[in-house]
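Shown next, in C-alpha cells, is the structure this report addresses.
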Amino acid sequence: MIQQDSQFNLFPSHAGLRKYVLYYNIAFPANDTFAAQYTLMPNACGTLSLAFDGTAVMAELWGASLTPVPLGTEPNSYRILLLIQLSPYGLYQITRQSQTEFAGKRLSLADIDSELFKSLHQAFVKSKTVTELANTCDQILYRRMEKLVVSDALVSAAALISGSHGQVQVKEAARQSGYSERQLNRLFLTQIGMNIKHFARLTRFNYVLTQIQKSPCFFAALSQQAGYFDQAHFDKDFKDISGVSPQTYLKTMSDFYYDGMEIYHTISSKEE
C-alpha cells in the first residue's frame, strides 16, 4: 500500500480540473486523530472517498452536503483515507447523473458508477506514494472532462453567488444568467442537488466560517458584513445550519471541518 509521507497530504488538482475537482486529501489517521465530536460543516460540495481499514477498501460517493455530518472517531479506524473534494457541480460533471438523489447522502461508489469505482480503486491499491496517487486520480478524472455537461448558466450563477458571498438576489442571478428563476432553480437541483436559495445560504454560511477562522471578531460586525438584518438573524441562521451557536462554534472550532476552499486557495497559491 501507499507509503506514508506525513499524516495529512494535500494536493491541488491539475489546472484543467480545477473548476470541478478542488483538491485531494490523503490522510493516515492515528487512533486519536479525530475527536468524538468531529463534524463536517455543510458546504454544498460533493466528495469521493476511499478508505482502507486494514482488510478492505471502501469507496463512497458523498452527495452535496446540506447539513452537518457528525463523523466522530470513524476516520480513526482507517489506515489510509483519500478524500477527493469536488466543486458544487463537480459530481454532476464526473457522474453525469442528476444530483437530486445524491444530495446529503453517503452512497456506494460501485453502485453509482462502477467504471469510476474500478479506476479509483486500482489507483488506490497500486500507488506507492501519495504523489503518485494524486497524479493518477488527476488522470482518471481528467477523462471525465472530455465532454463538458455542466450548464454555463449554472456556472455563471454559482460564480456570481460565490463572489457576493451568498448575498446576491436570486432575481439578479437569473437575470445575469439569461434564464428564468424557475429554469435556473431546476439547473441547481439537477446539477448541484439543491435549489438556488439553499446554495446561496450555504455560501454565505461558509463565508462566515472563513472569516471566523481567519480572525475571530465581534459577531455583530460580522453579521453586518455578511449581509444579515441584525445579529439575532445571524445567530438564528448560523444555528439552523450548523446546529450550534456562533459562540459555541468559536470555542470548539477544532471539532469542526468547514469548506475546503480556503485550503484549496492556500495550496494553489503555493503551487504557483
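Residue names in the C-alpha cells use chain letters A, B, ... in the order shown, residue numbers from 1 in each chain, and ligand numbers from 1 in the order shown.
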
Who sits within 8 Å of Gln37 (chain A), only C-alpha atoms, same chain under 3 positions skipped, as a list in words: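 Contacts, in chain order: Pro70, Leu71, Gly72, Thr73, Asp255 and Phe256 of chain A.
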
How would the residues just chosen look if you wrote them out with C-alpha atoms as a tab-separated table (two decimals), in the first residue's frame?
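File again05.tsv, as written:
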chain	number	residue	atom	x	y	z
A	70	PRO	CA	-21.12	14.02	12.59
A	71	LEU	CA	-18.20	11.71	11.74
A	72	GLY	CA	-16.82	11.42	15.24
A	73	THR	CA	-13.94	8.95	15.51
A	255	ASP	CA	-14.23	19.81	16.40
A	256	PHE	CA	-15.45	21.04	13.01

Contacts of region 142-158 of chain A within 8 Å, only C-alpha atoms, excl. fewer than 6 positions in-chain, as a ChimeraX atom specification: /A:16-17,89,92-94,96,173-174,176-179,184,187-188,191

Nearest residue to Asn25 (chain A) from the set A:Ile112, A:Leu250, A:Leu86, A:Val168 (distances using only C-alpha atoms):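 Counting only C-alpha atoms, the residue closest to Asn25 (chain A) is A:Leu86.
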
Non-local contacts of region 46-48 of chain A (7 Å; only C-alpha atoms; under 3 positions in same chain excluded) as a list in words: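 Selected residues are Glu60, Leu61, Trp62, Gly63, Ala64, Ser65, Leu83, Ile84, Gln85, Leu86, Ser87, Pro88 and Leu91 of chain A.
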
How would the residues just picked look written out with C-alpha atoms as a PDB file, in the first residue's frame?
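The result, written out as result-v4.pdb:
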ATOM      1  CA  GLU A  60     -18.138   6.104  -1.357  1.00  0.00           C
ATOM      2  CA  LEU A  61     -19.769   8.980  -3.147  1.00  0.00           C
ATOM      3  CA  TRP A  62     -20.902  11.752  -0.841  1.00  0.00           C
ATOM      4  CA  GLY A  63     -23.560  13.943  -2.395  1.00  0.00           C
ATOM      5  CA  ALA A  64     -23.628  17.704  -1.896  1.00  0.00           C
ATOM      6  CA  SER A  65     -23.588  18.358   1.834  1.00  0.00           C
ATOM      7  CA  LEU A  83     -10.862  12.394   0.061  1.00  0.00           C
ATOM      8  CA  ILE A  84     -11.400  13.950  -3.359  1.00  0.00           C
ATOM      9  CA  GLN A  85     -13.024  17.316  -2.693  1.00  0.00           C
ATOM     10  CA  LEU A  86     -15.188  18.473  -5.577  1.00  0.00           C
ATOM     11  CA  SER A  87     -16.744  21.791  -6.512  1.00  0.00           C
ATOM     12  CA  PRO A  88     -20.535  22.126  -6.076  1.00  0.00           C
ATOM     13  CA  LEU A  91     -20.119  15.424  -9.114  1.00  0.00           C
TER      14      LEU A  91
END

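Proximity ranking of A:Tyr249, A:Thr55, A:Tyr24, A:Thr39 relative to Asn135 (chain A) places A:Tyr24 first, based on only C-alpha atoms.
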
May I have all residues of region 160-262 of chain A that DSSP, computed from the backbone, assigns to alpha helix (DSSP H), given as a PDB file with N, CA and C atoms, in the first residue's frame?
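Written file, result_11.pdb:
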ATOM      1  N   LEU A 160     -21.399  34.059  -9.485  1.00  0.00           N
ATOM      2  CA  LEU A 160     -21.959  35.321  -9.011  1.00  0.00           C
ATOM      3  C   LEU A 160     -22.333  35.215  -7.532  1.00  0.00           C
ATOM      4  N   ILE A 161     -22.953  34.102  -7.162  1.00  0.00           N
ATOM      5  CA  ILE A 161     -23.339  33.889  -5.766  1.00  0.00           C
ATOM      6  C   ILE A 161     -22.113  33.780  -4.869  1.00  0.00           C
ATOM      7  N   SER A 162     -21.111  33.036  -5.315  1.00  0.00           N
ATOM      8  CA  SER A 162     -19.888  32.894  -4.529  1.00  0.00           C
ATOM      9  C   SER A 162     -19.155  34.220  -4.400  1.00  0.00           C
ATOM     10  N   GLY A 163     -19.122  34.977  -5.495  1.00  0.00           N
ATOM     11  CA  GLY A 163     -18.442  36.266  -5.476  1.00  0.00           C
ATOM     12  C   GLY A 163     -19.089  37.279  -4.555  1.00  0.00           C
ATOM     13  N   VAL A 170     -31.723  36.196  -5.980  1.00  0.00           N
ATOM     14  CA  VAL A 170     -31.962  35.163  -6.983  1.00  0.00           C
ATOM     15  C   VAL A 170     -32.388  35.797  -8.302  1.00  0.00           C
ATOM     16  N   LYS A 171     -33.193  36.822  -8.231  1.00  0.00           N
ATOM     17  CA  LYS A 171     -33.649  37.514  -9.447  1.00  0.00           C
ATOM     18  C   LYS A 171     -32.469  38.039 -10.248  1.00  0.00           C
ATOM     19  N   GLU A 172     -31.487  38.593  -9.547  1.00  0.00           N
ATOM     20  CA  GLU A 172     -30.327  39.150 -10.225  1.00  0.00           C
ATOM     21  C   GLU A 172     -29.470  38.032 -10.836  1.00  0.00           C
ATOM     22  N   ALA A 173     -29.315  36.925 -10.115  1.00  0.00           N
ATOM     23  CA  ALA A 173     -28.561  35.790 -10.649  1.00  0.00           C
ATOM     24  C   ALA A 173     -29.233  35.251 -11.907  1.00  0.00           C
ATOM     25  N   ALA A 174     -30.555  35.181 -11.889  1.00  0.00           N
ATOM     26  CA  ALA A 174     -31.299  34.702 -13.052  1.00  0.00           C
ATOM     27  C   ALA A 174     -31.158  35.676 -14.221  1.00  0.00           C
ATOM     28  N   ARG A 175     -31.271  36.955 -13.925  1.00  0.00           N
ATOM     29  CA  ARG A 175     -31.178  37.967 -14.986  1.00  0.00           C
ATOM     30  C   ARG A 175     -29.816  37.901 -15.678  1.00  0.00           C
ATOM     31  N   GLN A 176     -28.753  37.793 -14.896  1.00  0.00           N
ATOM     32  CA  GLN A 176     -27.418  37.772 -15.482  1.00  0.00           C
ATOM     33  C   GLN A 176     -27.124  36.463 -16.214  1.00  0.00           C
ATOM     34  N   SER A 177     -27.799  35.392 -15.813  1.00  0.00           N
ATOM     35  CA  SER A 177     -27.576  34.100 -16.479  1.00  0.00           C
ATOM     36  C   SER A 177     -28.384  33.973 -17.764  1.00  0.00           C
ATOM     37  N   GLU A 181     -36.014  32.365 -13.227  1.00  0.00           N
ATOM     38  CA  GLU A 181     -35.719  31.828 -11.902  1.00  0.00           C
ATOM     39  C   GLU A 181     -36.077  30.349 -11.825  1.00  0.00           C
ATOM     40  N   ARG A 182     -37.184  29.968 -12.444  1.00  0.00           N
ATOM     41  CA  ARG A 182     -37.593  28.556 -12.418  1.00  0.00           C
ATOM     42  C   ARG A 182     -36.590  27.685 -13.159  1.00  0.00           C
ATOM     43  N   GLN A 183     -36.156  28.137 -14.338  1.00  0.00           N
ATOM     44  CA  GLN A 183     -35.191  27.359 -15.115  1.00  0.00           C
ATOM     45  C   GLN A 183     -33.864  27.221 -14.367  1.00  0.00           C
ATOM     46  N   LEU A 184     -33.425  28.321 -13.765  1.00  0.00           N
ATOM     47  CA  LEU A 184     -32.156  28.308 -13.045  1.00  0.00           C
ATOM     48  C   LEU A 184     -32.246  27.409 -11.816  1.00  0.00           C
ATOM     49  N   ASN A 185     -33.379  27.461 -11.141  1.00  0.00           N
ATOM     50  CA  ASN A 185     -33.576  26.625  -9.970  1.00  0.00           C
ATOM     51  C   ASN A 185     -33.531  25.145 -10.345  1.00  0.00           C
ATOM     52  N   ARG A 186     -34.100  24.807 -11.498  1.00  0.00           N
ATOM     53  CA  ARG A 186     -34.095  23.426 -11.967  1.00  0.00           C
ATOM     54  C   ARG A 186     -32.663  22.965 -12.250  1.00  0.00           C
ATOM     55  N   LEU A 187     -31.854  23.862 -12.808  1.00  0.00           N
ATOM     56  CA  LEU A 187     -30.457  23.528 -13.058  1.00  0.00           C
ATOM     57  C   LEU A 187     -29.710  23.243 -11.765  1.00  0.00           C
ATOM     58  N   PHE A 188     -29.936  24.078 -10.766  1.00  0.00           N
ATOM     59  CA  PHE A 188     -29.260  23.895  -9.475  1.00  0.00           C
ATOM     60  C   PHE A 188     -29.670  22.573  -8.832  1.00  0.00           C
ATOM     61  N   LEU A 189     -30.932  22.242  -8.899  1.00  0.00           N
ATOM     62  CA  LEU A 189     -31.408  20.985  -8.316  1.00  0.00           C
ATOM     63  C   LEU A 189     -30.777  19.782  -9.020  1.00  0.00           C
ATOM     64  N   THR A 190     -30.721  19.830 -10.343  1.00  0.00           N
ATOM     65  CA  THR A 190     -30.202  18.699 -11.118  1.00  0.00           C
ATOM     66  C   THR A 190     -28.683  18.591 -11.053  1.00  0.00           C
ATOM     67  N   GLN A 191     -27.988  19.721 -11.145  1.00  0.00           N
ATOM     68  CA  GLN A 191     -26.535  19.674 -11.310  1.00  0.00           C
ATOM     69  C   GLN A 191     -25.759  19.899 -10.019  1.00  0.00           C
ATOM     70  N   ILE A 196     -31.451  27.069  -5.604  1.00  0.00           N
ATOM     71  CA  ILE A 196     -30.500  28.172  -5.634  1.00  0.00           C
ATOM     72  C   ILE A 196     -30.467  28.946  -4.314  1.00  0.00           C
ATOM     73  N   LYS A 197     -31.614  29.057  -3.633  1.00  0.00           N
ATOM     74  CA  LYS A 197     -31.637  29.765  -2.351  1.00  0.00           C
ATOM     75  C   LYS A 197     -30.837  29.020  -1.299  1.00  0.00           C
ATOM     76  N   HIS A 198     -30.953  27.707  -1.297  1.00  0.00           N
ATOM     77  CA  HIS A 198     -30.182  26.900  -0.336  1.00  0.00           C
ATOM     78  C   HIS A 198     -28.694  27.034  -0.632  1.00  0.00           C
ATOM     79  N   PHE A 199     -28.344  27.031  -1.905  1.00  0.00           N
ATOM     80  CA  PHE A 199     -26.937  27.192  -2.287  1.00  0.00           C
ATOM     81  C   PHE A 199     -26.395  28.535  -1.806  1.00  0.00           C
ATOM     82  N   ALA A 200     -27.169  29.593  -2.017  1.00  0.00           N
ATOM     83  CA  ALA A 200     -26.742  30.923  -1.592  1.00  0.00           C
ATOM     84  C   ALA A 200     -26.609  30.993  -0.068  1.00  0.00           C
ATOM     85  N   ARG A 201     -27.531  30.347   0.626  1.00  0.00           N
ATOM     86  CA  ARG A 201     -27.500  30.344   2.089  1.00  0.00           C
ATOM     87  C   ARG A 201     -26.249  29.643   2.614  1.00  0.00           C
ATOM     88  N   LEU A 202     -25.905  28.498   2.025  1.00  0.00           N
ATOM     89  CA  LEU A 202     -24.704  27.784   2.451  1.00  0.00           C
ATOM     90  C   LEU A 202     -23.441  28.540   2.059  1.00  0.00           C
ATOM     91  N   THR A 203     -23.486  29.234   0.945  1.00  0.00           N
ATOM     92  CA  THR A 203     -22.342  30.046   0.525  1.00  0.00           C
ATOM     93  C   THR A 203     -22.075  31.146   1.541  1.00  0.00           C
ATOM     94  N   ARG A 204     -23.133  31.809   1.979  1.00  0.00           N
ATOM     95  CA  ARG A 204     -22.971  32.866   2.975  1.00  0.00           C
ATOM     96  C   ARG A 204     -22.479  32.288   4.300  1.00  0.00           C
ATOM     97  N   PHE A 205     -23.021  31.124   4.673  1.00  0.00           N
ATOM     98  CA  PHE A 205     -22.613  30.467   5.907  1.00  0.00           C
ATOM     99  C   PHE A 205     -21.122  30.144   5.887  1.00  0.00           C
ATOM    100  N   ASN A 206     -20.637  29.597   4.762  1.00  0.00           N
ATOM    101  CA  ASN A 206     -19.221  29.249   4.681  1.00  0.00           C
ATOM    102  C   ASN A 206     -18.324  30.481   4.614  1.00  0.00           C
ATOM    103  N   TYR A 207     -18.852  31.572   4.090  1.00  0.00           N
ATOM    104  CA  TYR A 207     -18.113  32.827   4.134  1.00  0.00           C
ATOM    105  C   TYR A 207     -17.921  33.261   5.588  1.00  0.00           C
ATOM    106  N   VAL A 208     -18.955  33.122   6.373  1.00  0.00           N
ATOM    107  CA  VAL A 208     -18.883  33.461   7.797  1.00  0.00           C
ATOM    108  C   VAL A 208     -17.845  32.581   8.493  1.00  0.00           C
ATOM    109  N   LEU A 209     -17.872  31.278   8.218  1.00  0.00           N
ATOM    110  CA  LEU A 209     -16.903  30.369   8.833  1.00  0.00           C
ATOM    111  C   LEU A 209     -15.476  30.754   8.456  1.00  0.00           C
ATOM    112  N   THR A 210     -15.289  31.154   7.205  1.00  0.00           N
ATOM    113  CA  THR A 210     -13.963  31.570   6.749  1.00  0.00           C
ATOM    114  C   THR A 210     -13.474  32.771   7.528  1.00  0.00           C
ATOM    115  N   GLN A 211     -14.357  33.738   7.734  1.00  0.00           N
ATOM    116  CA  GLN A 211     -13.975  34.948   8.469  1.00  0.00           C
ATOM    117  C   GLN A 211     -13.653  34.628   9.916  1.00  0.00           C
ATOM    118  N   ILE A 212     -14.436  33.755  10.523  1.00  0.00           N
ATOM    119  CA  ILE A 212     -14.168  33.365  11.908  1.00  0.00           C
ATOM    120  C   ILE A 212     -12.823  32.651  12.001  1.00  0.00           C
ATOM    121  N   GLN A 213     -12.553  31.781  11.021  1.00  0.00           N
ATOM    122  CA  GLN A 213     -11.316  31.010  11.019  1.00  0.00           C
ATOM    123  C   GLN A 213     -10.108  31.922  10.849  1.00  0.00           C
ATOM    124  N   LYS A 214     -10.237  32.920   9.998  1.00  0.00           N
ATOM    125  CA  LYS A 214      -9.122  33.828   9.729  1.00  0.00           C
ATOM    126  C   LYS A 214      -8.799  34.690  10.934  1.00  0.00           C
ATOM    127  N   PHE A 219     -19.282  39.336  16.617  1.00  0.00           N
ATOM    128  CA  PHE A 219     -20.309  38.767  15.754  1.00  0.00           C
ATOM    129  C   PHE A 219     -21.275  39.831  15.224  1.00  0.00           C
ATOM    130  N   ALA A 220     -21.436  40.910  15.958  1.00  0.00           N
ATOM    131  CA  ALA A 220     -22.312  41.993  15.488  1.00  0.00           C
ATOM    132  C   ALA A 220     -21.756  42.575  14.188  1.00  0.00           C
ATOM    133  N   ALA A 221     -20.436  42.790  14.163  1.00  0.00           N
ATOM    134  CA  ALA A 221     -19.796  43.340  12.965  1.00  0.00           C
ATOM    135  C   ALA A 221     -19.815  42.316  11.835  1.00  0.00           C
ATOM    136  N   LEU A 222     -19.570  41.062  12.172  1.00  0.00           N
ATOM    137  CA  LEU A 222     -19.547  40.014  11.155  1.00  0.00           C
ATOM    138  C   LEU A 222     -20.925  39.802  10.539  1.00  0.00           C
ATOM    139  N   SER A 223     -21.970  39.859  11.361  1.00  0.00           N
ATOM    140  CA  SER A 223     -23.327  39.684  10.838  1.00  0.00           C
ATOM    141  C   SER A 223     -23.674  40.785   9.849  1.00  0.00           C
ATOM    142  N   GLN A 224     -23.224  41.993  10.145  1.00  0.00           N
ATOM    143  CA  GLN A 224     -23.464  43.123   9.235  1.00  0.00           C
ATOM    144  C   GLN A 224     -22.667  42.946   7.952  1.00  0.00           C
ATOM    145  N   GLN A 225     -21.421  42.509   8.085  1.00  0.00           N
ATOM    146  CA  GLN A 225     -20.549  42.281   6.935  1.00  0.00           C
ATOM    147  C   GLN A 225     -21.107  41.199   6.016  1.00  0.00           C
ATOM    148  N   GLN A 231     -27.907  40.951  14.345  1.00  0.00           N
ATOM    149  CA  GLN A 231     -27.195  39.805  14.895  1.00  0.00           C
ATOM    150  C   GLN A 231     -28.144  38.680  15.281  1.00  0.00           C
ATOM    151  N   ALA A 232     -29.362  39.002  15.656  1.00  0.00           N
ATOM    152  CA  ALA A 232     -30.323  37.956  16.029  1.00  0.00           C
ATOM    153  C   ALA A 232     -30.605  37.039  14.839  1.00  0.00           C
ATOM    154  N   HIS A 233     -30.769  37.643  13.645  1.00  0.00           N
ATOM    155  CA  HIS A 233     -30.979  36.845  12.437  1.00  0.00           C
ATOM    156  C   HIS A 233     -29.724  36.028  12.105  1.00  0.00           C
ATOM    157  N   PHE A 234     -28.578  36.635  12.295  1.00  0.00           N
ATOM    158  CA  PHE A 234     -27.304  35.956  12.072  1.00  0.00           C
ATOM    159  C   PHE A 234     -27.178  34.737  12.984  1.00  0.00           C
ATOM    160  N   ASP A 235     -27.422  34.930  14.275  1.00  0.00           N
ATOM    161  CA  ASP A 235     -27.316  33.837  15.249  1.00  0.00           C
ATOM    162  C   ASP A 235     -28.272  32.700  14.912  1.00  0.00           C
ATOM    163  N   LYS A 236     -29.495  33.055  14.541  1.00  0.00           N
ATOM    164  CA  LYS A 236     -30.503  32.035  14.242  1.00  0.00           C
ATOM    165  C   LYS A 236     -30.126  31.233  13.000  1.00  0.00           C
ATOM    166  N   ASP A 237     -29.707  31.926  11.944  1.00  0.00           N
ATOM    167  CA  ASP A 237     -29.359  31.244  10.703  1.00  0.00           C
ATOM    168  C   ASP A 237     -28.143  30.346  10.909  1.00  0.00           C
ATOM    169  N   PHE A 238     -27.174  30.835  11.660  1.00  0.00           N
ATOM    170  CA  PHE A 238     -25.966  30.066  11.934  1.00  0.00           C
ATOM    171  C   PHE A 238     -26.311  28.773  12.664  1.00  0.00           C
ATOM    172  N   LYS A 239     -27.155  28.878  13.684  1.00  0.00           N
ATOM    173  CA  LYS A 239     -27.512  27.687  14.456  1.00  0.00           C
ATOM    174  C   LYS A 239     -28.398  26.743  13.659  1.00  0.00           C
ATOM    175  N   ASP A 240     -29.288  27.295  12.825  1.00  0.00           N
ATOM    176  CA  ASP A 240     -30.154  26.452  11.992  1.00  0.00           C
ATOM    177  C   ASP A 240     -29.319  25.581  11.049  1.00  0.00           C
ATOM    178  N   ILE A 241     -28.236  26.146  10.532  1.00  0.00           N
ATOM    179  CA  ILE A 241     -27.401  25.416   9.574  1.00  0.00           C
ATOM    180  C   ILE A 241     -26.403  24.493  10.275  1.00  0.00           C
ATOM    181  N   SER A 242     -25.734  24.997  11.301  1.00  0.00           N
ATOM    182  CA  SER A 242     -24.633  24.252  11.914  1.00  0.00           C
ATOM    183  C   SER A 242     -25.039  23.402  13.111  1.00  0.00           C
ATOM    184  N   PRO A 246     -22.947  30.591  17.109  1.00  0.00           N
ATOM    185  CA  PRO A 246     -21.631  31.101  16.697  1.00  0.00           C
ATOM    186  C   PRO A 246     -20.632  31.093  17.848  1.00  0.00           C
ATOM    187  N   GLN A 247     -21.109  31.403  19.042  1.00  0.00           N
ATOM    188  CA  GLN A 247     -20.241  31.446  20.210  1.00  0.00           C
ATOM    189  C   GLN A 247     -19.673  30.059  20.529  1.00  0.00           C
ATOM    190  N   THR A 248     -20.548  29.039  20.443  1.00  0.00           N
ATOM    191  CA  THR A 248     -20.098  27.673  20.702  1.00  0.00           C
ATOM    192  C   THR A 248     -19.119  27.213  19.633  1.00  0.00           C
ATOM    193  N   TYR A 249     -19.407  27.562  18.391  1.00  0.00           N
ATOM    194  CA  TYR A 249     -18.508  27.196  17.295  1.00  0.00           C
ATOM    195  C   TYR A 249     -17.123  27.791  17.518  1.00  0.00           C
ATOM    196  N   LEU A 250     -17.086  29.055  17.911  1.00  0.00           N
ATOM    197  CA  LEU A 250     -15.819  29.741  18.126  1.00  0.00           C
ATOM    198  C   LEU A 250     -14.986  29.044  19.204  1.00  0.00           C
ATOM    199  N   LYS A 251     -15.660  28.541  20.235  1.00  0.00           N
ATOM    200  CA  LYS A 251     -14.961  27.890  21.343  1.00  0.00           C
ATOM    201  C   LYS A 251     -14.482  26.481  20.989  1.00  0.00           C
ATOM    202  N   MET A 261     -12.412  25.311   0.505  1.00  0.00           N
ATOM    203  CA  MET A 261     -11.948  26.280  -0.476  1.00  0.00           C
ATOM    204  C   MET A 261     -10.739  27.062   0.022  1.00  0.00           C
ATOM    205  N   GLU A 262     -10.684  27.355   1.328  1.00  0.00           N
ATOM    206  CA  GLU A 262      -9.541  28.095   1.855  1.00  0.00           C
ATOM    207  C   GLU A 262      -8.270  27.258   1.744  1.00  0.00           C
TER     208      GLU A 262
END

DSSP-assigned strand (DSSP E) members of region 42-220 of chain A, reported as number ranges by chain: A: 47-52, 57-62, 69-70, 80-86, 106-108

Pick from A:Thr95, A:Ser245, A:Gln169, A:Ser127, whichever lies nearest to Ala110 (chain A) using only C-alpha atoms: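 Between A:Thr95, A:Ser245, A:Gln169, A:Ser127, the residue approaching Ala110 (chain A) most closely is A:Thr95.
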
8 Å contact set for region 7-9 of chain A, only C-alpha atoms, chain neighbours under 5 positions out, as an MDAnalysis selection string: chainID A and resid 24:29 130

Serialized selection, C-alpha atoms, as a PDB file, in the first residue's frame:
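After the write, again15.pdb holds the following:
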ATOM      1  CA  TYR A  24      -7.005  15.649  -2.831  1.00  0.00           C
ATOM      2  CA  ASN A  25      -6.543  14.979   0.879  1.00  0.00           C
ATOM      3  CA  ILE A  26      -4.637  11.770   1.612  1.00  0.00           C
ATOM      4  CA  ALA A  27      -4.567  11.049   5.336  1.00  0.00           C
ATOM      5  CA  PHE A  28      -3.065   8.400   7.595  1.00  0.00           C
ATOM      6  CA  PRO A  29      -5.201   8.723  10.749  1.00  0.00           C
ATOM      7  CA  VAL A 130       0.784   9.938  -2.142  1.00  0.00           C
TER       8      VAL A 130
END

Best match for closeness to Tyr38 (chain A) among A:Ile140, A:Val69, A:Ala103, A:Ala59, counting only C-alpha atoms: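 Checking each of A:Ile140, A:Val69, A:Ala103, A:Ala59 against Tyr38 (chain A), counting only C-alpha atoms, the winner is A:Val69.
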